[in-house]
>>> print(open('target.txt').read())   # compact mmCIF, C-alpha atoms and all ligand atoms
# COMPACT_ATOMS: atom_id res chain seq x y z
CA MET A 34 -15.48 66.23 -20.20
CA LYS A 35 -17.98 68.66 -21.71
CA LEU A 36 -17.48 69.79 -25.29
CA ILE A 37 -19.29 72.53 -27.21
CA ILE A 38 -18.75 73.31 -30.89
CA LEU A 39 -19.35 76.84 -32.16
CA ASP A 40 -19.69 78.28 -35.62
CA ARG A 41 -17.66 81.50 -35.93
CA ASP A 42 -19.29 84.08 -38.23
CA GLY A 43 -22.73 85.10 -37.00
CA VAL A 44 -22.22 83.35 -33.64
CA ILE A 45 -19.03 84.79 -32.11
CA ASN A 46 -18.60 87.76 -34.46
CA TYR A 47 -20.82 89.72 -36.80
CA ASP A 48 -21.17 88.11 -40.22
CA SER A 49 -20.90 89.79 -43.61
CA ASP A 50 -22.20 88.71 -47.01
CA GLN A 51 -18.89 90.07 -48.34
CA PHE A 52 -16.97 87.63 -46.06
CA ILE A 53 -14.81 88.54 -43.06
CA LYS A 54 -11.53 88.99 -44.91
CA SER A 55 -9.40 91.14 -42.61
CA PRO A 56 -8.83 91.42 -38.85
CA GLU A 57 -10.47 94.88 -38.99
CA GLU A 58 -13.70 93.31 -40.26
CA TRP A 59 -13.80 90.84 -37.36
CA LYS A 60 -16.03 92.40 -34.68
CA PRO A 61 -17.40 90.40 -31.74
CA ILE A 62 -21.13 90.20 -31.10
CA PRO A 63 -21.71 91.81 -27.67
CA GLY A 64 -21.56 89.20 -24.90
CA SER A 65 -20.17 86.39 -27.03
CA LEU A 66 -16.60 86.52 -25.75
CA GLU A 67 -17.73 86.72 -22.14
CA ALA A 68 -20.01 83.74 -22.80
CA ILE A 69 -17.02 81.67 -23.99
CA ALA A 70 -15.09 82.70 -20.87
CA ARG A 71 -17.99 81.49 -18.72
CA LEU A 72 -17.96 78.15 -20.52
CA ASN A 73 -14.24 77.87 -19.78
CA GLN A 74 -14.87 78.62 -16.11
CA TRP A 75 -17.51 75.90 -15.96
CA GLY A 76 -15.17 73.29 -17.42
CA TRP A 77 -16.32 73.21 -21.02
CA ARG A 78 -14.00 72.58 -23.92
CA VAL A 79 -14.88 75.21 -26.52
CA VAL A 80 -14.00 74.50 -30.15
CA VAL A 81 -14.77 76.51 -33.27
CA ALA A 82 -15.74 74.81 -36.55
CA SER A 83 -16.00 77.31 -39.37
CA ASN A 84 -16.46 77.21 -43.15
CA GLN A 85 -13.97 79.68 -44.65
CA SER A 86 -14.52 79.29 -48.38
CA GLY A 87 -13.09 82.79 -48.91
CA VAL A 88 -9.69 81.08 -48.76
CA GLY A 89 -10.61 78.61 -51.50
CA ARG A 90 -12.08 81.43 -53.59
CA GLY A 91 -8.88 83.41 -53.27
CA LEU A 92 -10.51 86.31 -51.39
CA PHE A 93 -7.94 86.08 -48.61
CA GLY A 94 -5.00 83.89 -47.77
CA MET A 95 -4.07 81.69 -44.84
CA ASP A 96 -1.90 84.47 -43.40
CA THR A 97 -4.97 86.71 -43.20
CA LEU A 98 -7.13 83.96 -41.74
CA ASN A 99 -4.44 83.38 -39.11
CA ALA A 100 -4.37 87.13 -38.34
CA ILE A 101 -8.17 87.16 -37.95
CA HIS A 102 -7.98 84.22 -35.57
CA GLU A 103 -5.17 85.90 -33.66
CA LYS A 104 -7.44 88.91 -33.12
CA MET A 105 -10.24 86.59 -31.94
CA VAL A 106 -7.93 84.77 -29.51
CA LYS A 107 -6.49 88.03 -28.13
CA SER A 108 -9.93 89.60 -27.74
CA LEU A 109 -11.06 86.51 -25.88
CA ALA A 110 -8.00 86.55 -23.63
CA GLN A 111 -8.86 90.10 -22.59
CA VAL A 112 -12.06 88.80 -21.00
CA GLY A 113 -10.40 85.66 -19.61
CA GLY A 114 -11.62 83.29 -22.29
CA ARG A 115 -9.94 80.83 -24.60
CA LEU A 116 -10.70 78.37 -27.36
CA ASP A 117 -9.41 74.82 -27.17
CA ALA A 118 -9.08 74.70 -30.95
CA ILE A 119 -10.16 76.39 -34.15
CA PHE A 120 -11.10 74.06 -37.00
CA PHE A 121 -11.91 75.48 -40.40
CA CYS A 122 -12.67 74.30 -43.92
CA PRO A 123 -10.73 76.46 -46.40
CA HIS A 124 -12.28 74.84 -49.46
CA ALA A 125 -14.51 76.54 -52.02
CA ALA A 126 -18.26 76.03 -51.86
CA ASP A 127 -18.22 73.68 -54.86
CA SER A 128 -15.54 71.50 -53.28
CA THR A 129 -16.18 67.83 -52.61
CA CYS A 130 -14.17 67.87 -49.39
CA ASP A 131 -15.76 66.19 -46.39
CA CYS A 132 -15.03 69.09 -44.02
CA ARG A 133 -17.30 71.80 -45.44
CA LYS A 134 -20.53 71.98 -43.44
CA PRO A 135 -23.22 70.61 -43.85
CA ARG A 136 -20.83 67.69 -44.14
CA PRO A 137 -19.73 66.58 -40.67
CA GLY A 138 -15.99 66.05 -41.31
CA MET A 139 -14.82 68.85 -39.00
CA LEU A 140 -17.00 67.63 -36.16
CA VAL A 141 -15.63 64.10 -36.55
CA GLN A 142 -12.07 65.51 -36.48
CA ILE A 143 -12.89 67.44 -33.29
CA SER A 144 -14.32 64.33 -31.65
CA GLU A 145 -11.16 62.39 -32.52
CA ARG A 146 -8.82 65.18 -31.42
CA PHE A 147 -10.42 65.47 -27.98
CA ASN A 148 -11.49 61.84 -27.70
CA ILE A 149 -15.04 62.87 -26.84
CA PRO A 150 -18.07 61.20 -28.47
CA LEU A 151 -20.31 63.58 -30.39
CA ALA A 152 -23.64 62.28 -29.12
CA GLY A 153 -25.48 65.15 -27.42
CA VAL A 154 -22.64 67.65 -27.88
CA PRO A 155 -24.11 71.15 -28.38
CA VAL A 156 -23.44 72.58 -31.83
CA VAL A 157 -24.22 76.31 -32.04
CA GLY A 158 -24.76 77.93 -35.41
CA ASP A 159 -26.66 80.59 -37.31
CA SER A 160 -26.93 78.69 -40.61
CA LEU A 161 -28.83 75.58 -41.55
CA ARG A 162 -25.63 73.80 -42.58
CA ASP A 163 -24.13 74.19 -39.09
CA LEU A 164 -27.11 72.43 -37.61
CA GLN A 165 -27.30 69.80 -40.35
CA ALA A 166 -23.64 68.90 -39.84
CA GLY A 167 -24.31 68.50 -36.13
CA VAL A 168 -27.46 66.44 -36.49
CA ALA A 169 -25.68 64.12 -38.96
CA VAL A 170 -23.35 62.96 -36.19
CA GLY A 171 -25.75 63.04 -33.22
CA CYS A 172 -24.95 66.49 -31.85
CA LYS A 173 -27.63 68.71 -30.30
CA PRO A 174 -28.49 71.64 -32.62
CA TYR A 175 -28.68 75.17 -31.18
CA LEU A 176 -29.76 77.97 -33.52
CA VAL A 177 -28.84 81.53 -32.57
CA LEU A 178 -30.76 84.41 -34.13
CA THR A 179 -27.65 86.52 -34.64
CA GLY A 180 -25.94 86.53 -38.04
CA LYS A 181 -28.10 84.64 -40.55
CA GLY A 182 -30.13 83.13 -37.73
CA GLN A 183 -33.40 85.02 -38.30
CA LYS A 184 -33.50 83.79 -41.89
CA THR A 185 -32.50 80.25 -40.88
CA HIS A 186 -35.29 80.23 -38.30
CA GLU A 187 -37.86 80.43 -41.12
CA ASP A 188 -36.29 77.64 -43.17
CA PRO A 189 -38.61 74.63 -43.50
CA GLU A 190 -35.54 72.36 -43.39
CA LEU A 191 -34.63 73.43 -39.85
CA PRO A 192 -33.84 70.11 -38.11
CA ALA A 193 -36.53 68.84 -35.76
CA GLY A 194 -35.65 69.51 -32.14
CA THR A 195 -33.46 72.53 -32.87
CA LEU A 196 -33.24 74.75 -29.80
CA ILE A 197 -33.56 78.44 -30.57
CA TYR A 198 -31.89 81.26 -28.64
CA PRO A 199 -31.37 84.99 -29.24
CA ASP A 200 -27.57 84.71 -29.13
CA LEU A 201 -24.59 82.78 -27.78
CA ALA A 202 -24.77 84.50 -24.40
CA THR A 203 -28.29 83.13 -23.77
CA VAL A 204 -27.30 79.64 -24.95
CA VAL A 205 -24.46 79.64 -22.45
CA ALA A 206 -26.58 81.04 -19.62
CA ASP A 207 -28.88 78.06 -20.13
CA LEU A 208 -26.10 75.46 -20.42
CA ILE A 209 -24.47 76.45 -17.16
CA ALA A 210 -27.71 77.10 -15.24
MG MG A 301 -22.24 81.39 -39.43
ZN ZN A 302 -13.26 71.45 -46.65
>>> encode(input="target.txt", output="structure tokens")
Amino acid sequence: MKLIILDRDGVINYDSDQFIKSPEEWKPIPGSLEAIARLNQWGWRVVVASNQSGVGRGLFGMDTLNAIHEKMVKSLAQVGGRLDAIFFCPHAADSTCDCRKPRPGMLVQISERFNIPLAGVPVVGDSLRDLQAGVAVGCKPYLVLTGKGQKTHEDPELPAGTLIYPDLATVVADLIA
């Protein structure tokens, strides 16, 4: 069983410094939904792990987050794709929860849910904390240059061995080649 773990904002959809806080603001990065559909076709389990501190900060509620995810799921279905699960951390940035990346709690939960060990599992993100969470539990870090990726690319703390790709579509093209 192959498992891949994706960040949401800046990987699947365009990111915003003002947070994605309505379904209208959720807009897919070209090629990302089709890339997820290809993963599905090639037998990959595709799971999202996303920090959503806007909930904890009171910028939007769970009903809105659910509506955003409904739009993502429907948009994916239109190109024949699906997610096996969406995990998110709703806690504020100053929270001491163990699920907010760079802490690896969500990844551990995913591993337990699907009964798949995390060693070597691709983790795709545009922020340092996505990659740090992955590396902490033995996942393979993939940086995409969409979203905050260009800035992350220049960060001296970028984990050694991080693989760098223009976007999710090129990551997937490589994984299924
Ligand atoms: Mg991101
Ligand atoms: Zn959390």
>>> residues_near_ligand(input="target.txt", ligand="ligand MG 301 (chain A)", cutoff="10 Å", atoms="all atoms listed in the file", output="list in words")
Leu39, Asp40, Arg41, Asp42, Gly43, Val44, Ile45, Asn46, Tyr47, Asp48, Ser49, Ala82, Ser83, Asn84, Gln85, Val157, Gly158, Asp159, Ser160, Leu161, Arg162, Asp163, Val177, Thr179, Gly180, Lys181 and Gly182 of chain A
>>> residues_near_ligand(input="target.txt", ligand="ligand ZN 302 (chain A)", cutoff="9 Å", atoms="only C-alpha atoms and all ligand atoms", output="MDAnalysis selection string")
chainID A and resid 84:86 121:126 128:134 136 138:139
>>> write_last_selection(input="target.txt", atoms="C-alpha atoms", output="compact mmCIF listing (two decimals), keeping the file's coordinate frame")
# COMPACT_ATOMS: atom_id res chain seq x y z
CA ASN A 84 -16.46 77.21 -43.15
CA GLN A 85 -13.97 79.68 -44.65
CA SER A 86 -14.52 79.29 -48.38
CA PHE A 121 -11.91 75.48 -40.40
CA CYS A 122 -12.67 74.30 -43.92
CA PRO A 123 -10.73 76.46 -46.40
CA HIS A 124 -12.28 74.84 -49.46
CA ALA A 125 -14.51 76.54 -52.02
CA ALA A 126 -18.26 76.03 -51.86
CA SER A 128 -15.54 71.50 -53.28
CA THR A 129 -16.18 67.83 -52.61
CA CYS A 130 -14.17 67.87 -49.39
CA ASP A 131 -15.76 66.19 -46.39
CA CYS A 132 -15.03 69.09 -44.02
CA ARG A 133 -17.30 71.80 -45.44
CA LYS A 134 -20.53 71.98 -43.44
CA ARG A 136 -20.83 67.69 -44.14
CA GLY A 138 -15.99 66.05 -41.31
CA MET A 139 -14.82 68.85 -39.00
>>> closest_residue(input="target.txt", among="A:Phe93, A:Phe120, A:Trp59, A:Tyr175", to="A:Leu208", atoms="all atoms listed in the file")
A:Tyr175
>>> closest_residue(input="target.txt", among="A:Ile143, A:Leu66, A:Val80, A:Val170", to="A:Ile38", atoms="only C-alpha atoms")
A:Val80
>>> closest_residue(input="target.txt", among="A:Ile197, A:Leu178, A:Ala169, A:Val154", to="A:Met34", atoms="all atoms listed in the file")
A:Val154
>>> closest_residue(input="target.txt", among="A:Ala100, A:Leu36, A:Ile69, A:Val79", to="A:Thr203", atoms="all atoms listed in the file")
A:Ile69
>>> atom_distance(input="target.txt", atom1="atom CA of A:Lys184", atom2="atom CA of A:His102")
26.3 Å
>>> closest_residue(input="target.txt", among="A:Lys35, A:Arg90, A:Lys107, A:Lys60", to="A:Trp75", atoms="all atoms listed in the file")
A:Lys35
>>> atom_distance(input="target.txt", atom1="atom CA of A:Gly87", atom2="atom CA of A:Asp127")
12.0 Å
>>> residues_around(input="target.txt", residues="A:Ala152", least_positions_apart="6", cutoff="10 Å", atoms="only C-alpha atoms", output="VMD selection string")
chain A and resid 144 167 to 168 170 to 173
>>> atom_distance(input="target.txt", atom1="atom CA of A:Glu187", atom2="atom CA of A:Leu151")
26.6 Å
>>> closest_residue(input="target.txt", among="A:Thr195, A:Gln165, A:Gln111, A:Thr185", to="A:Pro137", atoms="only C-alpha atoms")
A:Gln165
>>> residues_around(input="target.txt", residues="A:Asp207", least_positions_apart="5", cutoff="12 Å", atoms="only C-alpha atoms", output="list of chain:residue names")
A:Ala68, A:Arg71, A:Leu72, A:Pro155, A:Tyr175, A:Leu196, A:Ile197, A:Tyr198, A:Pro199, A:Asp200, A:Leu201, A:Ala202
